[in-house]
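Reproduced below: target.pdb, with PDB, C-alpha atoms, pLDDT in the B column.
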MODEL        1
ATOM      1  CA  MET D  76     -15.691  -9.303  -4.108  1.00 89.00           C
ATOM      2  CA  SER D  77     -12.157 -10.258  -3.123  1.00 93.00           C
ATOM      3  CA  ILE D  78      -9.005  -8.224  -2.604  1.00 95.00           C
ATOM      4  CA  ASP D  79      -5.373  -9.342  -2.565  1.00 95.00           C
ATOM      5  CA  VAL D  80      -2.972  -6.565  -1.524  1.00 97.00           C
ATOM      6  CA  LYS D  81       0.676  -7.195  -0.724  1.00 97.00           C
ATOM      7  CA  ILE D  82       4.035  -5.511  -0.363  1.00 98.00           C
ATOM      8  CA  LEU D  83       6.580  -8.068  -1.515  1.00 98.00           C
ATOM      9  CA  GLU D  84      10.326  -8.085  -1.022  1.00 98.00           C
ATOM     10  CA  ALA D  85      12.356  -8.196  -4.224  1.00 97.00           C
ATOM     11  CA  SER D  86      13.609 -11.656  -3.282  1.00 96.00           C
ATOM     12  CA  GLU D  87      10.087 -13.106  -3.073  1.00 96.00           C
ATOM     13  CA  PRO D  88       8.982 -14.954  -6.215  1.00 92.00           C
ATOM     14  CA  LEU D  89       5.909 -13.895  -8.190  1.00 95.00           C
ATOM     15  CA  ASN D  90       3.633 -16.676  -9.367  1.00 92.00           C
ATOM     16  CA  PHE D  91       1.521 -15.391 -12.262  1.00 93.00           C
ATOM     17  CA  ASN D  92      -0.128 -18.746 -12.883  1.00 91.00           C
ATOM     18  CA  ASP D  93      -1.508 -18.797  -9.350  1.00 88.00           C
ATOM     19  CA  LEU D  94      -2.582 -15.173  -9.723  1.00 92.00           C
ATOM     20  CA  LEU D  95      -4.478 -15.762 -12.962  1.00 89.00           C
ATOM     21  CA  ASN D  96      -6.060 -18.964 -11.717  1.00 86.00           C
ATOM     22  CA  ALA D  97      -7.273 -17.145  -8.609  1.00 84.00           C
ATOM     23  CA  VAL D  98      -8.718 -14.265 -10.630  1.00 89.00           C
ATOM     24  CA  LEU D  99     -10.382 -16.627 -13.120  1.00 87.00           C
ATOM     25  CA  ARG D 100     -12.097 -18.550 -10.343  1.00 81.00           C
ATOM     26  CA  VAL D 101     -13.628 -15.542  -8.602  1.00 76.00           C
ATOM     27  CA  ASP D 102     -16.929 -14.872 -10.361  1.00 86.00           C
ATOM     28  CA  GLU D 103     -18.429 -16.474 -13.446  1.00 86.00           C
ATOM     29  CA  ARG D 104     -20.362 -13.303 -14.284  1.00 90.00           C
ATOM     30  CA  CYS D 105     -17.060 -11.633 -15.129  1.00 93.00           C
ATOM     31  CA  GLY D 106     -16.185 -11.291 -18.782  1.00 94.00           C
ATOM     32  CA  ALA D 107     -12.964  -9.321 -18.483  1.00 96.00           C
ATOM     33  CA  ILE D 108      -9.706  -9.617 -16.618  1.00 95.00           C
ATOM     34  CA  VAL D 109      -7.071  -6.922 -16.984  1.00 97.00           C
ATOM     35  CA  LEU D 110      -3.548  -7.602 -15.793  1.00 97.00           C
ATOM     36  CA  PHE D 111      -1.018  -4.774 -15.591  1.00 98.00           C
ATOM     37  CA  VAL D 112       2.649  -5.495 -14.918  1.00 98.00           C
ATOM     38  CA  GLY D 113       5.107  -2.670 -14.321  1.00 98.00           C
ATOM     39  CA  VAL D 114       8.792  -3.364 -14.908  1.00 98.00           C
ATOM     40  CA  VAL D 115      12.059  -1.503 -14.346  1.00 98.00           C
ATOM     41  CA  LYS D 116      13.210   0.376 -17.450  1.00 97.00           C
ATOM     42  CA  GLY D 117      16.727  -0.281 -18.677  1.00 97.00           C
ATOM     43  CA  ILE D 118      17.110   3.074 -20.443  1.00 96.00           C
ATOM     44  CA  VAL D 119      15.633   6.450 -19.411  1.00 96.00           C
ATOM     45  CA  GLU D 120      15.863  10.067 -20.523  1.00 93.00           C
ATOM     46  CA  GLY D 121      17.135   9.195 -23.967  1.00 92.00           C
ATOM     47  CA  ASP D 122      20.284   7.181 -23.428  1.00 93.00           C
ATOM     48  CA  LYS D 123      20.870   6.905 -19.693  1.00 95.00           C
ATOM     49  CA  ARG D 124      21.418   3.268 -18.792  1.00 97.00           C
ATOM     50  CA  VAL D 125      19.709   2.130 -15.586  1.00 98.00           C
ATOM     51  CA  SER D 126      21.348  -0.535 -13.441  1.00 98.00           C
ATOM     52  CA  GLY D 127      18.444  -0.767 -10.997  1.00 98.00           C
ATOM     53  CA  LEU D 128      15.708   0.777  -8.916  1.00 98.00           C
ATOM     54  CA  GLU D 129      15.693   0.613  -5.147  1.00 98.00           C
ATOM     55  CA  TYR D 130      12.217   0.827  -3.649  1.00 98.00           C
ATOM     56  CA  SER D 131      11.429   1.682  -0.044  1.00 98.00           C
ATOM     57  CA  ALA D 132       8.048   2.076   1.625  1.00 98.00           C
ATOM     58  CA  ILE D 133       6.256   2.775   4.858  1.00 98.00           C
ATOM     59  CA  LYS D 134       4.911  -0.734   4.587  1.00 98.00           C
ATOM     60  CA  SER D 135       2.021  -0.740   7.055  1.00 97.00           C
ATOM     61  CA  THR D 136       0.726   2.573   5.715  1.00 98.00           C
ATOM     62  CA  ALA D 137       1.201   1.556   2.087  1.00 98.00           C
ATOM     63  CA  ILE D 138      -0.789  -1.651   2.609  1.00 98.00           C
ATOM     64  CA  LYS D 139      -3.654   0.230   4.276  1.00 98.00           C
ATOM     65  CA  VAL D 140      -3.699   2.798   1.472  1.00 98.00           C
ATOM     66  CA  MET D 141      -3.652   0.123  -1.235  1.00 98.00           C
ATOM     67  CA  GLU D 142      -6.447  -1.806   0.511  1.00 98.00           C
ATOM     68  CA  ARG D 143      -8.519   1.365   0.603  1.00 98.00           C
ATOM     69  CA  ILE D 144      -7.840   2.034  -3.093  1.00 98.00           C
ATOM     70  CA  ALA D 145      -8.783  -1.541  -3.984  1.00 98.00           C
ATOM     71  CA  SER D 146     -12.051  -1.359  -2.030  1.00 98.00           C
ATOM     72  CA  GLU D 147     -13.048   2.022  -3.416  1.00 98.00           C
ATOM     73  CA  GLU D 148     -12.292   1.081  -7.007  1.00 98.00           C
ATOM     74  CA  ALA D 149     -14.043  -2.271  -6.621  1.00 98.00           C
ATOM     75  CA  ARG D 150     -17.202  -0.467  -5.500  1.00 98.00           C
ATOM     76  CA  LYS D 151     -16.898   2.193  -8.197  1.00 98.00           C
ATOM     77  CA  TYR D 152     -16.514  -0.298 -11.073  1.00 97.00           C
ATOM     78  CA  ASN D 153     -18.376  -3.249  -9.552  1.00 96.00           C
ATOM     79  CA  LEU D 154     -15.243  -5.395  -9.695  1.00 96.00           C
ATOM     80  CA  SER D 155     -15.232  -8.991  -8.543  1.00 95.00           C
ATOM     81  CA  HIS D 156     -11.546  -9.052  -7.722  1.00 94.00           C
ATOM     82  CA  VAL D 157      -8.607  -6.678  -7.246  1.00 96.00           C
ATOM     83  CA  THR D 158      -4.980  -7.701  -6.856  1.00 97.00           C
ATOM     84  CA  ILE D 159      -2.317  -5.119  -6.052  1.00 98.00           C
ATOM     85  CA  TRP D 160       1.200  -6.361  -5.433  1.00 98.00           C
ATOM     86  CA  HIS D 161       4.002  -3.839  -5.053  1.00 98.00           C
ATOM     87  CA  ARG D 162       7.603  -4.912  -4.659  1.00 98.00           C
ATOM     88  CA  VAL D 163      10.254  -3.204  -2.527  1.00 98.00           C
ATOM     89  CA  GLY D 164      14.008  -3.556  -2.355  1.00 98.00           C
ATOM     90  CA  ALA D 165      16.547  -3.658  -5.167  1.00 98.00           C
ATOM     91  CA  LEU D 166      15.212  -4.482  -8.639  1.00 98.00           C
ATOM     92  CA  ARG D 167      17.066  -4.710 -11.933  1.00 98.00           C
ATOM     93  CA  PRO D 168      15.909  -3.693 -15.412  1.00 98.00           C
ATOM     94  CA  GLY D 169      13.194  -5.993 -16.676  1.00 98.00           C
ATOM     95  CA  GLU D 170      12.161  -7.079 -13.202  1.00 98.00           C
ATOM     96  CA  VAL D 171       8.583  -6.608 -12.044  1.00 98.00           C
ATOM     97  CA  THR D 172       7.802  -3.635  -9.804  1.00 98.00           C
ATOM     98  CA  ILE D 173       4.018  -3.771  -9.539  1.00 98.00           C
ATOM     99  CA  VAL D 174       1.202  -6.111 -10.495  1.00 98.00           C
ATOM    100  CA  ILE D 175      -2.429  -5.059 -10.762  1.00 98.00           C
ATOM    101  CA  ALA D 176      -5.166  -7.498 -11.741  1.00 97.00           C
ATOM    102  CA  VAL D 177      -8.882  -6.762 -11.847  1.00 97.00           C
ATOM    103  CA  SER D 178     -11.883  -8.733 -12.971  1.00 96.00           C
ATOM    104  CA  ALA D 179     -15.104  -7.075 -14.060  1.00 96.00           C
ATOM    105  CA  GLU D 180     -18.279  -7.833 -15.950  1.00 95.00           C
ATOM    106  CA  ASN D 181     -17.100  -5.870 -18.987  1.00 95.00           C
ATOM    107  CA  ARG D 182     -13.808  -4.796 -20.497  1.00 97.00           C
ATOM    108  CA  LYS D 183     -14.309  -1.030 -20.255  1.00 98.00           C
ATOM    109  CA  ASP D 184     -14.745  -1.124 -16.500  1.00 98.00           C
ATOM    110  CA  ALA D 185     -11.802  -3.498 -16.148  1.00 97.00           C
ATOM    111  CA  PHE D 186      -9.449  -1.281 -18.196  1.00 98.00           C
ATOM    112  CA  ARG D 187     -10.553   1.922 -16.482  1.00 98.00           C
ATOM    113  CA  ALA D 188     -10.305   0.405 -13.019  1.00 98.00           C
ATOM    114  CA  ALA D 189      -6.826  -1.018 -13.610  1.00 98.00           C
ATOM    115  CA  GLU D 190      -5.539   2.338 -14.847  1.00 98.00           C
ATOM    116  CA  GLU D 191      -7.123   4.266 -11.987  1.00 98.00           C
ATOM    117  CA  ILE D 192      -5.756   1.847  -9.418  1.00 98.00           C
ATOM    118  CA  LEU D 193      -2.264   2.206 -10.859  1.00 98.00           C
ATOM    119  CA  GLU D 194      -2.388   6.007 -10.885  1.00 98.00           C
ATOM    120  CA  ARG D 195      -3.753   6.095  -7.346  1.00 98.00           C
ATOM    121  CA  VAL D 196      -1.115   3.700  -6.006  1.00 98.00           C
ATOM    122  CA  LYS D 197       1.601   5.846  -7.586  1.00 97.00           C
ATOM    123  CA  SER D 198       0.322   9.049  -5.992  1.00 96.00           C
ATOM    124  CA  GLU D 199      -1.269   7.875  -2.711  1.00 97.00           C
ATOM    125  CA  ALA D 200       0.824   5.006  -1.342  1.00 98.00           C
ATOM    126  CA  PRO D 201       3.989   6.026   0.558  1.00 98.00           C
ATOM    127  CA  ILE D 202       6.465   4.230  -1.665  1.00 98.00           C
ATOM    128  CA  PHE D 203       9.732   5.764  -2.849  1.00 98.00           C
ATOM    129  CA  LYS D 204      12.380   4.905  -5.391  1.00 97.00           C
ATOM    130  CA  LEU D 205      16.033   5.539  -6.068  1.00 98.00           C
ATOM    131  CA  GLU D 206      17.175   5.185  -9.670  1.00 98.00           C
ATOM    132  CA  LYS D 207      20.736   3.916 -10.125  1.00 97.00           C
ATOM    133  CA  ARG D 208      22.160   4.648 -13.566  1.00 96.00           C
ATOM    134  CA  SER D 209      25.257   5.316 -15.588  1.00 92.00           C
ATOM    135  CA  ASP D 210      25.407   9.028 -14.670  1.00 94.00           C
ATOM    136  CA  GLY D 211      24.664   8.727 -10.945  1.00 96.00           C
ATOM    137  CA  GLU D 212      21.900   8.000  -8.460  1.00 97.00           C
ATOM    138  CA  PHE D 213      18.605   9.879  -8.590  1.00 97.00           C
ATOM    139  CA  TRP D 214      15.735  10.055  -6.134  1.00 97.00           C
ATOM    140  CA  ILE D 215      12.468   9.944  -8.032  1.00 97.00           C
ATOM    141  CA  ILE D 216      10.111  12.503  -6.535  1.00 98.00           C
ATOM    142  CA  GLY D 217       6.410  12.238  -7.317  1.00 96.00           C
ATOM    143  CA  ASP D 218       5.656  11.390 -10.906  1.00 89.00           C
ATOM    144  CA  GLY D 219       9.082  11.542 -12.503  1.00 87.00           C
ATOM    145  CA  VAL D 220      11.025  14.488 -11.040  1.00 95.00           C
ATOM    146  CA  ARG D 221      14.613  13.365 -10.524  1.00 96.00           C
ATOM    147  CA  ILE D 222      17.038  14.740  -7.929  1.00 96.00           C
ATOM    148  CA  LYS D 223      20.636  13.686  -8.216  1.00 95.00           C
ATOM    149  CA  ARG D 224      21.842  12.264  -4.944  1.00 92.00           C
ATOM    150  CA  THR D 225      25.255  13.920  -4.794  1.00 72.00           C
ATOM    151  CA  THR D 226      23.797  17.433  -5.130  1.00 51.00           C
ATOM    152  CA  LEU D 227      22.203  17.133  -1.688  1.00 47.00           C
ATOM    153  CA  GLU D 228      25.417  16.871   0.289  1.00 46.00           C
TER     154      GLU D 228
ATOM    155  CA  MET E1085       7.605  15.536  24.456  1.00 97.00           C
ATOM    156  CA  ARG E1086       9.821  13.313  22.355  1.00 97.00           C
ATOM    157  CA  VAL E1087       9.298  13.234  18.587  1.00 97.00           C
ATOM    158  CA  VAL E1088      10.995  10.524  16.546  1.00 98.00           C
ATOM    159  CA  ILE E1089      11.468  11.469  12.894  1.00 98.00           C
ATOM    160  CA  LYS E1090      11.817   8.642  10.373  1.00 98.00           C
ATOM    161  CA  PRO E1091      12.988  10.097   7.058  1.00 98.00           C
ATOM    162  CA  TYR E1092      12.671   8.548   3.602  1.00 98.00           C
ATOM    163  CA  SER E1093      14.201   9.191   0.181  1.00 97.00           C
ATOM    164  CA  VAL E1094      15.871  12.636  -0.159  1.00 97.00           C
ATOM    165  CA  PHE E1095      15.136  13.396   3.463  1.00 97.00           C
ATOM    166  CA  ARG E1096      16.931  10.265   4.596  1.00 96.00           C
ATOM    167  CA  ASP E1097      20.056  11.596   2.901  1.00 95.00           C
ATOM    168  CA  LYS E1098      19.542  14.997   4.478  1.00 96.00           C
ATOM    169  CA  LEU E1099      18.961  13.818   8.063  1.00 97.00           C
ATOM    170  CA  LYS E1100      21.411  10.889   7.775  1.00 95.00           C
ATOM    171  CA  GLY E1101      18.923   8.591   9.466  1.00 96.00           C
ATOM    172  CA  GLU E1102      16.379   8.672  12.271  1.00 97.00           C
ATOM    173  CA  VAL E1103      16.311  11.817  14.427  1.00 98.00           C
ATOM    174  CA  VAL E1104      14.853  12.390  17.890  1.00 98.00           C
ATOM    175  CA  LEU E1105      13.664  15.878  18.825  1.00 97.00           C
ATOM    176  CA  GLU E1106      12.659  17.053  22.298  1.00 97.00           C
ATOM    177  CA  PHE E1107      10.010  19.731  22.828  1.00 96.00           C
ATOM    178  CA  SER E1108       8.603  21.183  26.015  1.00 95.00           C
ATOM    179  CA  GLY E1109       5.005  20.213  26.810  1.00 95.00           C
ATOM    180  CA  ASN E1110       2.960  17.397  25.286  1.00 96.00           C
ATOM    181  CA  GLU E1111       1.486  19.261  22.351  1.00 96.00           C
ATOM    182  CA  ILE E1112       2.999  20.808  19.253  1.00 97.00           C
ATOM    183  CA  LEU E1113       2.034  21.915  15.749  1.00 97.00           C
ATOM    184  CA  VAL E1114       3.410  19.991  12.770  1.00 97.00           C
ATOM    185  CA  LYS E1115       4.546  23.372  11.472  1.00 97.00           C
ATOM    186  CA  ASP E1116       6.788  23.816  14.525  1.00 97.00           C
ATOM    187  CA  ILE E1117       8.344  20.400  14.005  1.00 98.00           C
ATOM    188  CA  LEU E1118       9.071  21.271  10.373  1.00 98.00           C
ATOM    189  CA  GLU E1119      10.618  24.593  11.423  1.00 98.00           C
ATOM    190  CA  LYS E1120      12.854  22.775  13.877  1.00 98.00           C
ATOM    191  CA  LEU E1121      13.918  20.363  11.144  1.00 98.00           C
ATOM    192  CA  GLU E1122      14.593  23.285   8.844  1.00 98.00           C
ATOM    193  CA  SER E1123      16.800  25.002  11.402  1.00 98.00           C
ATOM    194  CA  LEU E1124      18.761  21.822  12.093  1.00 98.00           C
ATOM    195  CA  PHE E1125      18.988  20.260   8.631  1.00 97.00           C
ATOM    196  CA  SER E1126      17.940  22.861   6.012  1.00 97.00           C
ATOM    197  CA  ILE E1127      15.454  20.418   4.556  1.00 97.00           C
ATOM    198  CA  SER E1128      14.169  23.071   2.127  1.00 97.00           C
ATOM    199  CA  SER E1129      17.535  22.941   0.332  1.00 96.00           C
ATOM    200  CA  THR E1130      16.381  19.662  -1.211  1.00 95.00           C
ATOM    201  CA  GLY E1131      13.794  21.640  -3.169  1.00 95.00           C
ATOM    202  CA  VAL E1132      11.249  19.013  -2.193  1.00 97.00           C
ATOM    203  CA  LYS E1133       8.033  19.708  -0.322  1.00 96.00           C
ATOM    204  CA  PRO E1134       8.023  17.624   2.880  1.00 98.00           C
ATOM    205  CA  ILE E1135       5.037  15.452   3.752  1.00 98.00           C
ATOM    206  CA  ILE E1136       4.411  14.289   7.300  1.00 98.00           C
ATOM    207  CA  ILE E1137       2.697  10.974   8.051  1.00 98.00           C
ATOM    208  CA  ILE E1138       1.508  10.092  11.547  1.00 97.00           C
ATOM    209  CA  ASN E1139      -0.461   6.923  12.328  1.00 95.00           C
ATOM    210  CA  ASP E1140      -0.862   6.086   8.629  1.00 96.00           C
ATOM    211  CA  GLU E1141      -2.325   9.496   7.784  1.00 96.00           C
ATOM    212  CA  VAL E1142      -0.862  12.497   5.992  1.00 97.00           C
ATOM    213  CA  VAL E1143      -1.162  15.486   8.326  1.00 97.00           C
ATOM    214  CA  GLY E1144      -1.060  19.168   7.469  1.00 97.00           C
ATOM    215  CA  GLU E1145       1.142  21.870   8.971  1.00 97.00           C
ATOM    216  CA  LYS E1146      -1.697  23.119  11.160  1.00 97.00           C
ATOM    217  CA  SER E1147      -2.309  19.725  12.719  1.00 97.00           C
ATOM    218  CA  VAL E1148      -1.601  19.364  16.415  1.00 97.00           C
ATOM    219  CA  VAL E1149       0.509  16.450  17.591  1.00 96.00           C
ATOM    220  CA  ARG E1150      -0.162  15.278  21.146  1.00 96.00           C
ATOM    221  CA  GLY E1151       1.542  12.870  23.543  1.00 96.00           C
ATOM    222  CA  GLU E1152       4.761  12.232  25.412  1.00 96.00           C
ATOM    223  CA  PHE E1153       6.134  10.160  22.543  1.00 96.00           C
ATOM    224  CA  VAL E1154       5.280  10.606  18.865  1.00 96.00           C
ATOM    225  CA  GLU E1155       6.691   8.857  15.830  1.00 97.00           C
ATOM    226  CA  LEU E1156       6.360  10.485  12.434  1.00 98.00           C
ATOM    227  CA  HIS E1157       7.545   9.844   8.909  1.00 98.00           C
ATOM    228  CA  LEU E1158       9.134  12.634   6.875  1.00 98.00           C
ATOM    229  CA  VAL E1159       8.675  11.867   3.192  1.00 98.00           C
ATOM    230  CA  PRO E1160       8.658  13.470  -0.266  1.00 98.00           C
ATOM    231  CA  PRO E1161       5.809  13.134  -2.799  1.00 98.00           C
ATOM    232  CA  PHE E1162       5.291   9.424  -3.425  1.00 98.00           C
ATOM    233  CA  SER E1163       6.806   7.600  -6.385  1.00 97.00           C
ATOM    234  CA  GLY E1164       5.591   4.030  -6.383  1.00 96.00           C
ATOM    235  CA  GLY E1165       4.703   1.994  -9.415  1.00 95.00           C
TER     236      GLY E1165
ENDMDL
END
For this file, produce the structure as structure tokens.
Amino acid sequence: MSIDVKILEASEPLNFNDLLNAVLRVDERCGAIVLFVGVVKGIVEGDKRVSGLEYSAIKSTAIKVMERIASEEARKYNLSHVTIWHRVGALRPGEVTIVIAVSAENRKDAFRAAEEILERVKSEAPIFKLEKRSDGEFWIIGDGVRIKRTTLE
Amino acid sequence: MRVVIKPYSVFRDKLKGEVVLEFSGNEILVKDILEKLESLFSISSTGVKPIIIINDEVVGEKSVVRGEFVELHLVPPFSGG
């Protein structure tokens, strides 16, 4: 079993060919690879145009948490490989925020594991985002609660 | 003891950056640190429940923090992904 967990700066390039080649090479007993890619939305809450998301993180803690999630989910679903890459810094609509790749013997385990890993990263890793949009800046709290920045002053 | 508070997200706006608090003795409850932050910065006015992280672990209000120098992170519920 192999694990690849990273926090990447927004300026660092993502190489999906290398990622897929690495996952494909891991274990020939695997029959399923699931790749999830999260991207910044350009429109939210109906018609609010987003100019970007700014991610921050307690990096050392976030990496440890993501490594733990990857290990636990790999054991639970008998995965051969788990990749979790999370980006931080300023990202524009359409740009990649998170990449999760898992390989498993069968598709059901691969799909379930990828979804669980994503949900756990969102709720357990200390990563935070600021949404910049046409009607102001909003801190995203937890799973989607928005607090407008100017109301805090 | 000296406690360095590193705030994130809404709490970074509220505290305006890193804050250093001094307490007598080398032992304090997390709850007491939060009360001090409340008295100085009204962190509850954000409407967001604060989470404290020390040494990569989320700690509860009843946890005891020990040492002459402690660094902690003051954060809201996480929002990665």
Counting all atoms listed in the file, chain E residues within 6 Å of chain D, as a JSON list (two decimals) with C-alpha atoms, keeping the file's coordinate frame:
[["chain", "number", "residue", "atom", "x", "y", "z"],
["E", 1140, "ASP", "CA", -0.86, 6.09, 8.63],
["E", 1161, "PRO", "CA", 5.81, 13.13, -2.80],
["E", 1162, "PHE", "CA", 5.29, 9.42, -3.42],
["E", 1163, "SER", "CA", 6.81, 7.60, -6.38],
["E", 1164, "GLY", "CA", 5.59, 4.03, -6.38],
["E", 1165, "GLY", "CA", 4.70, 1.99, -9.41]]
Query raised in the report: Written as a list in words, which residues does the PyMOL selection byres ((chain E and resi 1160) around 6) give for the file shown?
Result: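 Given this file, the PyMOL selection byres ((chain E and resi 1160) around 6) evaluates to Pro1134, Ile1135, Val1159 and Pro1161 of chain E.
Our summary of the geometry notes that CA of Glu1102 (chain E) is positioned 21.7 Å from CA of Ser1147 (chain E).
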Report task. Find the spatial neighbours of region 106-109 of chain D, counting all atoms listed in the file, within a cut-off of 10 Å - ignore same-chain residues fewer than 5 positions away - and output them as a PyMOL selection string. Result -> chain D and resi 95+98-99+154-157+175-190
Query raised in the report: CA of Ala97 (chain D) and CA of Asn153 (chain D), how far apart in Å?
Result: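 If I compute the distance from CA of Asn153 (chain D) to CA of Ala97 (chain D), I get 17.8 Å.
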Report task. Please tell me which residues are no farther than 12 Å from (0.5, 22.0, 18.0) in the file, counting only C-alpha atoms, and write them as a ChimeraX atom specification. Result -> /E:1085,1107-1118,1143-1151
Requested in this report: Tell me which protein, DNA and RNA residues are within 12 Å of Glu1122 (chain E), counting only C-alpha atoms, leaving out same-chain ones fewer than 6 positions away, and put them as an NGL selection string.
Outcome: :E and (1095 or 1098-1099 or 1115-1116 or 1128-1130 or 1133-1134)
Query raised in the report: When you draw a straight line from CA of Val1154 (chain E) to CA of Tyr1092 (chain E), how long is it in Å?
Result: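 These atoms are spaced 17.1 Å apart.
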**Report entry** Test item: the PyMOL selection byres ((chain E and resi 1090) around 10) resolved as a ChimeraX atom specification
**Finding:** /D:133 /E:1087-1089,1091-1092,1095-1096,1099,1101-1104,1136-1137,1155-1159
Requested in this report: Report as an MDAnalysis selection string the full result of the PyMOL selection byres ((chain D and resi 118) around 12) when it is applied to this structure.
Outcome: chainID D and resid 114:117 119:128 167:169 206:210
Please, what is the axis-aligned box for every listed atom of region 214-227 of chain D with 6 Å on each side, as centre and edge lengths in Å to one decimal, as lines of an AutoDock Vina configuration file?
center_x = 15.5
center_y = 13.7
center_z = -7.1
size_x = 31.6
size_y = 19.5
size_z = 22.8
